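Asks: Here you go, structure_7.pdb (PDB, C-alpha atoms):
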```
ATOM      1  CA  VAL A  20     -34.941  23.742 -11.817  1.00  0.00           C
ATOM      2  CA  LEU A  21     -38.337  22.748 -10.474  1.00  0.00           C
ATOM      3  CA  PHE A  22     -39.450  23.866  -7.029  1.00  0.00           C
ATOM      4  CA  ARG A  23     -42.446  22.264  -5.355  1.00  0.00           C
ATOM      5  CA  SER A  24     -44.203  23.531  -2.328  1.00  0.00           C
ATOM      6  CA  ALA A  25     -46.835  21.801  -0.273  1.00  0.00           C
ATOM      7  CA  ARG A  26     -50.371  22.982  -0.740  1.00  0.00           C
ATOM      8  CA  SER A  27     -51.516  25.521   1.810  1.00  0.00           C
ATOM      9  CA  ASN A  28     -52.493  23.891   5.115  1.00  0.00           C
ATOM     10  CA  ALA A  29     -51.065  20.548   4.004  1.00  0.00           C
ATOM     11  CA  THR A  30     -49.823  18.185   6.681  1.00  0.00           C
ATOM     12  CA  SER A  31     -46.883  15.856   6.225  1.00  0.00           C
ATOM     13  CA  GLU A  32     -47.623  12.304   5.150  1.00  0.00           C
ATOM     14  CA  ASN A  33     -44.980  11.288   7.713  1.00  0.00           C
ATOM     15  CA  VAL A  34     -47.238  12.370  10.599  1.00  0.00           C
ATOM     16  CA  THR A  35     -49.788   9.975  12.072  1.00  0.00           C
ATOM     17  CA  GLN A  36     -52.677  11.996  13.489  1.00  0.00           C
ATOM     18  CA  ILE A  37     -54.507  10.487  16.463  1.00  0.00           C
ATOM     19  CA  LEU A  38     -57.474  11.780  18.428  1.00  0.00           C
ATOM     20  CA  TYR A  39     -58.450  10.771  21.970  1.00  0.00           C
ATOM     21  CA  LYS A  40     -61.932  11.722  23.184  1.00  0.00           C
ATOM     22  CA  VAL A  41     -62.058  12.336  26.929  1.00  0.00           C
ATOM     23  CA  GLU A  42     -64.197  14.029  29.544  1.00  0.00           C
ATOM     24  CA  GLU A  43     -63.121  17.550  30.536  1.00  0.00           C
ATOM     25  CA  ASP A  44     -61.945  16.464  33.994  1.00  0.00           C
ATOM     26  CA  GLU A  45     -59.806  13.670  32.484  1.00  0.00           C
ATOM     27  CA  LYS A  46     -57.657  15.759  30.145  1.00  0.00           C
ATOM     28  CA  ARG A  47     -54.608  16.204  32.376  1.00  0.00           C
ATOM     29  CA  ASP A  48     -54.558  12.556  33.418  1.00  0.00           C
ATOM     30  CA  ALA A  49     -54.973  11.574  29.758  1.00  0.00           C
ATOM     31  CA  VAL A  50     -51.769  13.438  28.886  1.00  0.00           C
ATOM     32  CA  SER A  51     -49.896  11.637  31.690  1.00  0.00           C
ATOM     33  CA  PHE A  52     -51.287   8.281  30.556  1.00  0.00           C
ATOM     34  CA  ILE A  53     -50.400   8.821  26.887  1.00  0.00           C
ATOM     35  CA  ILE A  54     -46.862   9.946  27.738  1.00  0.00           C
ATOM     36  CA  ARG A  55     -46.291   6.891  29.934  1.00  0.00           C
ATOM     37  CA  GLU A  56     -48.065   4.359  27.698  1.00  0.00           C
ATOM     38  CA  ARG A  57     -46.108   5.436  24.625  1.00  0.00           C
ATOM     39  CA  GLY A  58     -42.830   6.082  26.469  1.00  0.00           C
ATOM     40  CA  LEU A  59     -42.719   9.598  25.025  1.00  0.00           C
ATOM     41  CA  LYS A  60     -39.761  11.927  25.418  1.00  0.00           C
ATOM     42  CA  GLN A  61     -38.881  15.143  23.570  1.00  0.00           C
ATOM     43  CA  VAL A  62     -42.521  16.139  23.156  1.00  0.00           C
ATOM     44  CA  ILE A  63     -44.163  19.544  22.950  1.00  0.00           C
ATOM     45  CA  VAL A  64     -47.634  19.680  24.494  1.00  0.00           C
ATOM     46  CA  PHE A  65     -49.636  22.645  23.209  1.00  0.00           C
ATOM     47  CA  SER A  66     -51.984  24.612  25.435  1.00  0.00           C
ATOM     48  CA  ASN A  67     -54.149  27.505  24.295  1.00  0.00           C
ATOM     49  CA  THR A  68     -53.432  29.583  27.414  1.00  0.00           C
ATOM     50  CA  LYS A  69     -50.455  30.584  29.524  1.00  0.00           C
ATOM     51  CA  MET A  70     -52.231  29.559  32.718  1.00  0.00           C
ATOM     52  CA  GLY A  71     -53.246  26.238  31.174  1.00  0.00           C
ATOM     53  CA  ALA A  72     -49.636  25.551  30.158  1.00  0.00           C
ATOM     54  CA  SER A  73     -48.354  26.272  33.670  1.00  0.00           C
ATOM     55  CA  ARG A  74     -51.029  24.172  35.351  1.00  0.00           C
ATOM     56  CA  LEU A  75     -50.449  21.217  33.043  1.00  0.00           C
ATOM     57  CA  ALA A  76     -46.665  21.350  33.568  1.00  0.00           C
ATOM     58  CA  VAL A  77     -47.151  21.344  37.355  1.00  0.00           C
ATOM     59  CA  HIS A  78     -49.597  18.428  37.054  1.00  0.00           C
ATOM     60  CA  LEU A  79     -47.145  16.434  34.939  1.00  0.00           C
ATOM     61  CA  VAL A  80     -44.295  17.046  37.400  1.00  0.00           C
ATOM     62  CA  LYS A  81     -46.555  15.770  40.222  1.00  0.00           C
ATOM     63  CA  GLN A  82     -47.098  12.667  38.074  1.00  0.00           C
ATOM     64  CA  GLY A  83     -43.342  12.102  37.902  1.00  0.00           C
ATOM     65  CA  VAL A  84     -42.903  13.467  34.366  1.00  0.00           C
ATOM     66  CA  LYS A  85     -39.948  15.783  33.690  1.00  0.00           C
ATOM     67  CA  ALA A  86     -41.912  18.749  32.350  1.00  0.00           C
ATOM     68  CA  SER A  87     -41.580  22.501  32.060  1.00  0.00           C
ATOM     69  CA  ALA A  88     -43.788  25.272  30.668  1.00  0.00           C
ATOM     70  CA  ILE A  89     -42.865  28.062  28.280  1.00  0.00           C
ATOM     71  CA  HIS A  90     -45.180  30.951  27.515  1.00  0.00           C
ATOM     72  CA  GLY A  91     -45.329  34.726  27.275  1.00  0.00           C
ATOM     73  CA  ASP A  92     -45.402  35.330  31.054  1.00  0.00           C
ATOM     74  CA  LYS A  93     -41.983  33.700  31.408  1.00  0.00           C
ATOM     75  CA  SER A  94     -38.914  35.858  30.914  1.00  0.00           C
ATOM     76  CA  GLN A  95     -36.751  35.282  27.854  1.00  0.00           C
ATOM     77  CA  GLN A  96     -34.096  33.856  30.191  1.00  0.00           C
ATOM     78  CA  GLU A  97     -36.611  31.391  31.727  1.00  0.00           C
ATOM     79  CA  ARG A  98     -37.813  30.302  28.285  1.00  0.00           C
ATOM     80  CA  MET A  99     -34.251  29.786  27.038  1.00  0.00           C
ATOM     81  CA  ALA A 100     -33.314  27.808  30.171  1.00  0.00           C
ATOM     82  CA  ALA A 101     -36.358  25.541  29.749  1.00  0.00           C
ATOM     83  CA  LEU A 102     -35.585  25.040  26.064  1.00  0.00           C
ATOM     84  CA  GLU A 103     -31.928  24.198  26.741  1.00  0.00           C
ATOM     85  CA  ALA A 104     -32.954  21.719  29.468  1.00  0.00           C
ATOM     86  CA  PHE A 105     -35.387  20.189  26.967  1.00  0.00           C
ATOM     87  CA  LYS A 106     -32.694  19.858  24.298  1.00  0.00           C
ATOM     88  CA  ARG A 107     -30.326  18.225  26.832  1.00  0.00           C
ATOM     89  CA  GLY A 108     -33.050  15.746  27.864  1.00  0.00           C
ATOM     90  CA  GLU A 109     -33.303  17.078  31.428  1.00  0.00           C
ATOM     91  CA  VAL A 110     -36.869  18.104  30.588  1.00  0.00           C
ATOM     92  CA  GLU A 111     -38.758  15.540  28.512  1.00  0.00           C
ATOM     93  CA  ILE A 112     -42.045  17.384  27.992  1.00  0.00           C
ATOM     94  CA  LEU A 113     -42.284  21.052  27.075  1.00  0.00           C
ATOM     95  CA  VAL A 114     -45.756  22.510  27.633  1.00  0.00           C
ATOM     96  CA  ALA A 115     -46.085  25.568  25.413  1.00  0.00           C
ATOM     97  CA  THR A 116     -48.471  28.115  24.026  1.00  0.00           C
ATOM     98  CA  ASP A 117     -48.444  28.706  20.268  1.00  0.00           C
ATOM     99  CA  VAL A 118     -46.694  32.064  20.607  1.00  0.00           C
ATOM    100  CA  ALA A 119     -43.891  30.655  22.793  1.00  0.00           C
ATOM    101  CA  ALA A 120     -43.408  27.676  20.456  1.00  0.00           C
ATOM    102  CA  ARG A 121     -43.026  29.751  17.298  1.00  0.00           C
ATOM    103  CA  GLY A 122     -39.499  29.630  15.971  1.00  0.00           C
ATOM    104  CA  LEU A 123     -38.353  26.776  18.219  1.00  0.00           C
ATOM    105  CA  ASP A 124     -35.724  24.790  16.373  1.00  0.00           C
ATOM    106  CA  ILE A 125     -35.773  21.234  17.701  1.00  0.00           C
ATOM    107  CA  SER A 126     -34.552  18.712  15.179  1.00  0.00           C
ATOM    108  CA  GLU A 127     -35.801  15.444  16.695  1.00  0.00           C
ATOM    109  CA  MET A 128     -39.449  15.750  17.704  1.00  0.00           C
ATOM    110  CA  PRO A 129     -41.205  12.369  17.562  1.00  0.00           C
ATOM    111  CA  CYS A 130     -44.558  13.663  18.789  1.00  0.00           C
ATOM    112  CA  VAL A 131     -46.637  16.734  19.542  1.00  0.00           C
ATOM    113  CA  ILE A 132     -49.683  16.634  21.783  1.00  0.00           C
ATOM    114  CA  ASN A 133     -52.539  19.101  21.490  1.00  0.00           C
ATOM    115  CA  PHE A 134     -53.835  19.357  25.054  1.00  0.00           C
ATOM    116  CA  ASP A 135     -56.211  22.024  23.798  1.00  0.00           C
ATOM    117  CA  VAL A 136     -57.631  21.983  20.297  1.00  0.00           C
ATOM    118  CA  PRO A 137     -56.364  25.214  18.740  1.00  0.00           C
ATOM    119  CA  TYR A 138     -58.815  28.049  18.152  1.00  0.00           C
ATOM    120  CA  ASN A 139     -57.916  28.138  14.444  1.00  0.00           C
ATOM    121  CA  ALA A 140     -57.471  25.122  12.191  1.00  0.00           C
ATOM    122  CA  GLU A 141     -54.405  26.772  10.625  1.00  0.00           C
ATOM    123  CA  ASP A 142     -52.713  26.780  14.038  1.00  0.00           C
ATOM    124  CA  TYR A 143     -53.110  22.998  14.150  1.00  0.00           C
ATOM    125  CA  VAL A 144     -51.144  22.724  10.914  1.00  0.00           C
ATOM    126  CA  GLN A 145     -48.403  24.939  12.415  1.00  0.00           C
ATOM    127  CA  ARG A 146     -48.296  22.834  15.597  1.00  0.00           C
ATOM    128  CA  ILE A 147     -47.912  19.496  13.874  1.00  0.00           C
ATOM    129  CA  GLY A 148     -45.294  20.896  11.543  1.00  0.00           C
ATOM    130  CA  ARG A 149     -42.916  20.449  14.484  1.00  0.00           C
ATOM    131  CA  THR A 150     -42.861  16.658  13.994  1.00  0.00           C
ATOM    132  CA  GLY A 151     -42.309  14.363  11.016  1.00  0.00           C
ATOM    133  CA  ARG A 152     -39.501  16.521   9.615  1.00  0.00           C
ATOM    134  CA  ALA A 153     -36.627  15.589   7.312  1.00  0.00           C
ATOM    135  CA  GLY A 154     -38.182  12.289   6.273  1.00  0.00           C
ATOM    136  CA  LYS A 155     -38.654  11.064   9.842  1.00  0.00           C
ATOM    137  CA  LEU A 156     -41.957   9.711  11.157  1.00  0.00           C
ATOM    138  CA  GLY A 157     -43.941  11.735  13.677  1.00  0.00           C
ATOM    139  CA  THR A 158     -47.163  11.601  15.620  1.00  0.00           C
ATOM    140  CA  SER A 159     -49.696  14.299  16.426  1.00  0.00           C
ATOM    141  CA  ILE A 160     -52.074  13.536  19.266  1.00  0.00           C
ATOM    142  CA  VAL A 161     -55.164  15.616  19.976  1.00  0.00           C
ATOM    143  CA  ILE A 162     -57.004  15.295  23.275  1.00  0.00           C
ATOM    144  CA  VAL A 163     -60.552  16.468  22.723  1.00  0.00           C
ATOM    145  CA  THR A 164     -63.682  16.926  24.804  1.00  0.00           C
ATOM    146  CA  LYS A 165     -67.273  17.116  23.558  1.00  0.00           C
ATOM    147  CA  SER A 166     -67.170  20.908  23.676  1.00  0.00           C
ATOM    148  CA  GLU A 167     -64.197  20.930  21.259  1.00  0.00           C
ATOM    149  CA  LEU A 168     -65.565  18.534  18.621  1.00  0.00           C
ATOM    150  CA  ARG A 169     -66.721  21.335  16.321  1.00  0.00           C
ATOM    151  CA  LYS A 170     -63.125  22.595  16.096  1.00  0.00           C
ATOM    152  CA  ILE A 171     -62.034  19.074  15.087  1.00  0.00           C
ATOM    153  CA  SER A 172     -64.463  19.086  12.160  1.00  0.00           C
ATOM    154  CA  SER A 173     -62.956  22.392  11.039  1.00  0.00           C
ATOM    155  CA  ILE A 174     -59.426  20.951  11.225  1.00  0.00           C
ATOM    156  CA  GLU A 175     -60.415  17.815   9.286  1.00  0.00           C
ATOM    157  CA  ARG A 176     -61.893  19.982   6.540  1.00  0.00           C
ATOM    158  CA  ILE A 177     -58.785  22.111   6.188  1.00  0.00           C
ATOM    159  CA  ILE A 178     -56.303  19.185   6.244  1.00  0.00           C
ATOM    160  CA  LYS A 179     -58.595  17.041   4.071  1.00  0.00           C
ATOM    161  CA  GLN A 180     -58.339  13.944   6.236  1.00  0.00           C
ATOM    162  CA  LYS A 181     -59.952  12.320   9.273  1.00  0.00           C
ATOM    163  CA  PHE A 182     -58.255  11.652  12.586  1.00  0.00           C
ATOM    164  CA  GLU A 183     -57.561   8.110  13.734  1.00  0.00           C
ATOM    165  CA  GLU A 184     -59.666   7.776  16.909  1.00  0.00           C
ATOM    166  CA  LYS A 185     -58.333   5.936  19.953  1.00  0.00           C
ATOM    167  CA  THR A 186     -59.666   5.514  23.439  1.00  0.00           C
ATOM    168  CA  ILE A 187     -58.004   5.548  26.802  1.00  0.00           C
ATOM    169  CA  PRO A 188     -59.050   2.514  28.836  1.00  0.00           C
ATOM    170  CA  SER A 189     -61.643   3.496  31.426  1.00  0.00           C
ATOM    171  CA  GLY A 190     -60.783   2.957  35.044  1.00  0.00           C
ATOM    172  CA  ILE A 191     -57.149   3.938  34.543  1.00  0.00           C
ATOM    173  CA  GLU A 192     -56.006   5.460  37.774  1.00  0.00           C
ATOM    174  CA  ILE A 193     -53.055   7.739  37.611  1.00  0.00           C
ATOM    175  CA  CYS A 194     -51.477   8.236  40.997  1.00  0.00           C
ATOM    176  CA  GLU A 195     -49.443  11.219  42.002  1.00  0.00           C
ATOM    177  CA  ILE A 196     -45.811  10.477  42.698  1.00  0.00           C
ATOM    178  CA  GLN A 197     -44.478  12.115  45.811  1.00  0.00           C
ATOM    179  CA  LEU A 198     -41.133  13.768  45.154  1.00  0.00           C
ATOM    180  CA  LEU A 199     -38.794  13.762  48.129  1.00  0.00           C
TER     181      LEU A 199
END
```
Translate the structure of the given file into C-alpha cells.
Replies:
Amino acid sequence: VLFRSARSNATSENVTQILYKVEEDEKRDAVSFIIRERGLKQVIVFSNTKMGASRLAVHLVKQGVKASAIHGDKSQQERMAALEAFKRGEVEILVATDVAARGLDISEMPCVINFDVPYNAEDYVQRIGRTGRAGKLGTSIVIVTKSELRKISSIERIIKQKFEEKTIPSGIEICEIQLL
C-alpha cells in the first residue's frame, strides 16, 4: 500500500487563484461586485478580525446579499444557526474569521474570498483548502490593497505559484438596496 500526501503548504491544482487589486476604500464594494458578477453562492469570505467580519456582513446585507458573520464574539448557538442557514441556502455568504471557520464541514464550496490577506501565508493555504475538494473545481479570490502586497509575495513564495491578476472595472457604482 502506497500513501501519498501533498507537500507542506501545497494548494490543490483544482483551485484557480485570482487576485484583485483595489484601493482601501473600495474593498467592501469589490466583494459585492465580485459576488454579483460571478453569481456566487455558498461562499466563505475571510476577514482577519471579528469587527471586520461583522461590518462586512452588514455591508453585504445592505447591498442585497444574503450574508451572515461568524466569529469568536458570537455565541456557539449563533454560530451554529448561521452555519445551518448557510447550509440550507438561506444565507449565501458566510463572513468568517479563521478561528470561527476552523473545522467547518461544508461539502460544496465553489469559492472562498479573502477580504483580508491573512497575516500568515500558511493561513492562506488553510483558507483555500475549503474549496476544490473531492475532485471538484474551486476558486480562491484575494482582494488586496497596496499595503497588503508584501503579504502576497510571501504567499506566492510558500505556494510556489503566482496569482492570476484581474481588475474590477473602474466607475462601477454599487448602490445600496433598501430592504422594506
Asks: Excluding same-chain residues fewer than 5 positions from segment 65-82 of chain A, what lies within 12 Å of it counting all atoms listed in the file, as a PyMOL selection string?
Replies: chain A and resi 46-55+87-93+101+110-121+130-139+142-143+145-147+149+159-162+192-199
Asks: Please, could you write that set of residues out with C-alpha atoms as a PDB file, keeping the file's coordinate frame?
Replies:
```
ATOM      1  CA  LYS A  46     -57.657  15.759  30.145  1.00  0.00           C
ATOM      2  CA  ARG A  47     -54.608  16.204  32.376  1.00  0.00           C
ATOM      3  CA  ASP A  48     -54.558  12.556  33.418  1.00  0.00           C
ATOM      4  CA  ALA A  49     -54.973  11.574  29.758  1.00  0.00           C
ATOM      5  CA  VAL A  50     -51.769  13.438  28.886  1.00  0.00           C
ATOM      6  CA  SER A  51     -49.896  11.637  31.690  1.00  0.00           C
ATOM      7  CA  PHE A  52     -51.287   8.281  30.556  1.00  0.00           C
ATOM      8  CA  ILE A  53     -50.400   8.821  26.887  1.00  0.00           C
ATOM      9  CA  ILE A  54     -46.862   9.946  27.738  1.00  0.00           C
ATOM     10  CA  ARG A  55     -46.291   6.891  29.934  1.00  0.00           C
ATOM     11  CA  SER A  87     -41.580  22.501  32.060  1.00  0.00           C
ATOM     12  CA  ALA A  88     -43.788  25.272  30.668  1.00  0.00           C
ATOM     13  CA  ILE A  89     -42.865  28.062  28.280  1.00  0.00           C
ATOM     14  CA  HIS A  90     -45.180  30.951  27.515  1.00  0.00           C
ATOM     15  CA  GLY A  91     -45.329  34.726  27.275  1.00  0.00           C
ATOM     16  CA  ASP A  92     -45.402  35.330  31.054  1.00  0.00           C
ATOM     17  CA  LYS A  93     -41.983  33.700  31.408  1.00  0.00           C
ATOM     18  CA  ALA A 101     -36.358  25.541  29.749  1.00  0.00           C
ATOM     19  CA  VAL A 110     -36.869  18.104  30.588  1.00  0.00           C
ATOM     20  CA  GLU A 111     -38.758  15.540  28.512  1.00  0.00           C
ATOM     21  CA  ILE A 112     -42.045  17.384  27.992  1.00  0.00           C
ATOM     22  CA  LEU A 113     -42.284  21.052  27.075  1.00  0.00           C
ATOM     23  CA  VAL A 114     -45.756  22.510  27.633  1.00  0.00           C
ATOM     24  CA  ALA A 115     -46.085  25.568  25.413  1.00  0.00           C
ATOM     25  CA  THR A 116     -48.471  28.115  24.026  1.00  0.00           C
ATOM     26  CA  ASP A 117     -48.444  28.706  20.268  1.00  0.00           C
ATOM     27  CA  VAL A 118     -46.694  32.064  20.607  1.00  0.00           C
ATOM     28  CA  ALA A 119     -43.891  30.655  22.793  1.00  0.00           C
ATOM     29  CA  ALA A 120     -43.408  27.676  20.456  1.00  0.00           C
ATOM     30  CA  ARG A 121     -43.026  29.751  17.298  1.00  0.00           C
ATOM     31  CA  CYS A 130     -44.558  13.663  18.789  1.00  0.00           C
ATOM     32  CA  VAL A 131     -46.637  16.734  19.542  1.00  0.00           C
ATOM     33  CA  ILE A 132     -49.683  16.634  21.783  1.00  0.00           C
ATOM     34  CA  ASN A 133     -52.539  19.101  21.490  1.00  0.00           C
ATOM     35  CA  PHE A 134     -53.835  19.357  25.054  1.00  0.00           C
ATOM     36  CA  ASP A 135     -56.211  22.024  23.798  1.00  0.00           C
ATOM     37  CA  VAL A 136     -57.631  21.983  20.297  1.00  0.00           C
ATOM     38  CA  PRO A 137     -56.364  25.214  18.740  1.00  0.00           C
ATOM     39  CA  TYR A 138     -58.815  28.049  18.152  1.00  0.00           C
ATOM     40  CA  ASN A 139     -57.916  28.138  14.444  1.00  0.00           C
ATOM     41  CA  ASP A 142     -52.713  26.780  14.038  1.00  0.00           C
ATOM     42  CA  TYR A 143     -53.110  22.998  14.150  1.00  0.00           C
ATOM     43  CA  GLN A 145     -48.403  24.939  12.415  1.00  0.00           C
ATOM     44  CA  ARG A 146     -48.296  22.834  15.597  1.00  0.00           C
ATOM     45  CA  ILE A 147     -47.912  19.496  13.874  1.00  0.00           C
ATOM     46  CA  ARG A 149     -42.916  20.449  14.484  1.00  0.00           C
ATOM     47  CA  SER A 159     -49.696  14.299  16.426  1.00  0.00           C
ATOM     48  CA  ILE A 160     -52.074  13.536  19.266  1.00  0.00           C
ATOM     49  CA  VAL A 161     -55.164  15.616  19.976  1.00  0.00           C
ATOM     50  CA  ILE A 162     -57.004  15.295  23.275  1.00  0.00           C
ATOM     51  CA  GLU A 192     -56.006   5.460  37.774  1.00  0.00           C
ATOM     52  CA  ILE A 193     -53.055   7.739  37.611  1.00  0.00           C
ATOM     53  CA  CYS A 194     -51.477   8.236  40.997  1.00  0.00           C
ATOM     54  CA  GLU A 195     -49.443  11.219  42.002  1.00  0.00           C
ATOM     55  CA  ILE A 196     -45.811  10.477  42.698  1.00  0.00           C
ATOM     56  CA  GLN A 197     -44.478  12.115  45.811  1.00  0.00           C
ATOM     57  CA  LEU A 198     -41.133  13.768  45.154  1.00  0.00           C
ATOM     58  CA  LEU A 199     -38.794  13.762  48.129  1.00  0.00           C
TER      59      LEU A 199
END
```
Asks: With the PyMOL selection byres ((chain A and resi 153) around 12) as the selection, what would be picked from this file? Answer as a compact mmCIF listing (two decimals) with C-alpha atoms, in the frame of the given file, please.
Replies:
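Once everything was written out, this is expr26.txt:
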```txt
# COMPACT_ATOMS: atom_id res chain seq x y z
CA SER A 31 -46.88 15.86 6.22
CA GLU A 32 -47.62 12.30 5.15
CA ASN A 33 -44.98 11.29 7.71
CA VAL A 34 -47.24 12.37 10.60
CA ILE A 125 -35.77 21.23 17.70
CA SER A 126 -34.55 18.71 15.18
CA GLU A 127 -35.80 15.44 16.70
CA MET A 128 -39.45 15.75 17.70
CA PRO A 129 -41.20 12.37 17.56
CA GLY A 148 -45.29 20.90 11.54
CA ARG A 149 -42.92 20.45 14.48
CA THR A 150 -42.86 16.66 13.99
CA GLY A 151 -42.31 14.36 11.02
CA ARG A 152 -39.50 16.52 9.62
CA GLY A 154 -38.18 12.29 6.27
CA LYS A 155 -38.65 11.06 9.84
CA LEU A 156 -41.96 9.71 11.16
CA GLY A 157 -43.94 11.74 13.68
```
Asks: Within 9 Å of Glu109 of chain A, counting all atoms listed in the file, which residues qualify if same-chain residues fewer than 5 places away don't, as a VMD selection string?
Replies: chain A and resid 85 to 86 103 to 104
Asks: What is the distance, in Å and to one decimal place, between atom CA of Leu38 of chain A and atom CA of Glu141 of chain A?
Replies: 17.2 Å
Asks: Applied to the shown file, which residues does the PyMOL selection byres ((chain A and resi 171) around 12) return, written as a PyMOL selection string?
Replies: chain A and resi 36-40+133+135-141+143+161-170+172-184
Asks: Convert the current residue selection to file output with C-alpha atoms, as a PDB file, in the frame of the given file.
Replies:
```pdb
ATOM      1  CA  GLN A  36     -52.677  11.996  13.489  1.00  0.00           C
ATOM      2  CA  ILE A  37     -54.507  10.487  16.463  1.00  0.00           C
ATOM      3  CA  LEU A  38     -57.474  11.780  18.428  1.00  0.00           C
ATOM      4  CA  TYR A  39     -58.450  10.771  21.970  1.00  0.00           C
ATOM      5  CA  LYS A  40     -61.932  11.722  23.184  1.00  0.00           C
ATOM      6  CA  ASN A 133     -52.539  19.101  21.490  1.00  0.00           C
ATOM      7  CA  ASP A 135     -56.211  22.024  23.798  1.00  0.00           C
ATOM      8  CA  VAL A 136     -57.631  21.983  20.297  1.00  0.00           C
ATOM      9  CA  PRO A 137     -56.364  25.214  18.740  1.00  0.00           C
ATOM     10  CA  TYR A 138     -58.815  28.049  18.152  1.00  0.00           C
ATOM     11  CA  ASN A 139     -57.916  28.138  14.444  1.00  0.00           C
ATOM     12  CA  ALA A 140     -57.471  25.122  12.191  1.00  0.00           C
ATOM     13  CA  GLU A 141     -54.405  26.772  10.625  1.00  0.00           C
ATOM     14  CA  TYR A 143     -53.110  22.998  14.150  1.00  0.00           C
ATOM     15  CA  VAL A 161     -55.164  15.616  19.976  1.00  0.00           C
ATOM     16  CA  ILE A 162     -57.004  15.295  23.275  1.00  0.00           C
ATOM     17  CA  VAL A 163     -60.552  16.468  22.723  1.00  0.00           C
ATOM     18  CA  THR A 164     -63.682  16.926  24.804  1.00  0.00           C
ATOM     19  CA  LYS A 165     -67.273  17.116  23.558  1.00  0.00           C
ATOM     20  CA  SER A 166     -67.170  20.908  23.676  1.00  0.00           C
ATOM     21  CA  GLU A 167     -64.197  20.930  21.259  1.00  0.00           C
ATOM     22  CA  LEU A 168     -65.565  18.534  18.621  1.00  0.00           C
ATOM     23  CA  ARG A 169     -66.721  21.335  16.321  1.00  0.00           C
ATOM     24  CA  LYS A 170     -63.125  22.595  16.096  1.00  0.00           C
ATOM     25  CA  SER A 172     -64.463  19.086  12.160  1.00  0.00           C
ATOM     26  CA  SER A 173     -62.956  22.392  11.039  1.00  0.00           C
ATOM     27  CA  ILE A 174     -59.426  20.951  11.225  1.00  0.00           C
ATOM     28  CA  GLU A 175     -60.415  17.815   9.286  1.00  0.00           C
ATOM     29  CA  ARG A 176     -61.893  19.982   6.540  1.00  0.00           C
ATOM     30  CA  ILE A 177     -58.785  22.111   6.188  1.00  0.00           C
ATOM     31  CA  ILE A 178     -56.303  19.185   6.244  1.00  0.00           C
ATOM     32  CA  LYS A 179     -58.595  17.041   4.071  1.00  0.00           C
ATOM     33  CA  GLN A 180     -58.339  13.944   6.236  1.00  0.00           C
ATOM     34  CA  LYS A 181     -59.952  12.320   9.273  1.00  0.00           C
ATOM     35  CA  PHE A 182     -58.255  11.652  12.586  1.00  0.00           C
ATOM     36  CA  GLU A 183     -57.561   8.110  13.734  1.00  0.00           C
ATOM     37  CA  GLU A 184     -59.666   7.776  16.909  1.00  0.00           C
TER      38      GLU A 184
END
```
Asks: Which value, in Å to one decimal, gives the distance between atom CA of Asp44 of chain A and atom CA of Arg98 of chain A?
Replies: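 Atom CA of Asp44 of chain A sits 28.4 Å away from atom CA of Arg98 of chain A.
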Asks: Quick one, how far is atom CA of Arg57 of chain A from atom CA of Lys106 of chain A?
Replies: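 Separating atom CA of Arg57 of chain A from atom CA of Lys106 of chain A is a distance of 19.7 Å.
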Asks: Using all atoms listed in the file for the distances, tell me which of A:Ile187, A:Val41, A:Val62, A:Leu123 is nearest to Gly108 of chain A.
Replies: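 The answer is A:Val62, which sits nearest to Gly108 of chain A.
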Asks: Box time for segment 176-185 of chain A: axis-aligned, enclosing all its listed atoms, 3 Å extra on each side; report centre and edge lengths in Å to one decimal, as JSON.
Replies:
```
{"center_x": -59.1, "center_y": 14.0, "center_z": 12.0, "size_x": 11.6, "size_y": 22.2, "size_z": 21.9}
```
Asks: Ranking A:Thr158, A:Gln61, A:Gln95, A:Thr35 by minimum distance to Arg107 of chain A and counting all atoms listed in the file, which one comes first?
Replies: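 Between A:Thr158, A:Gln61, A:Gln95, A:Thr35, the residue approaching Arg107 of chain A most closely is A:Gln61.
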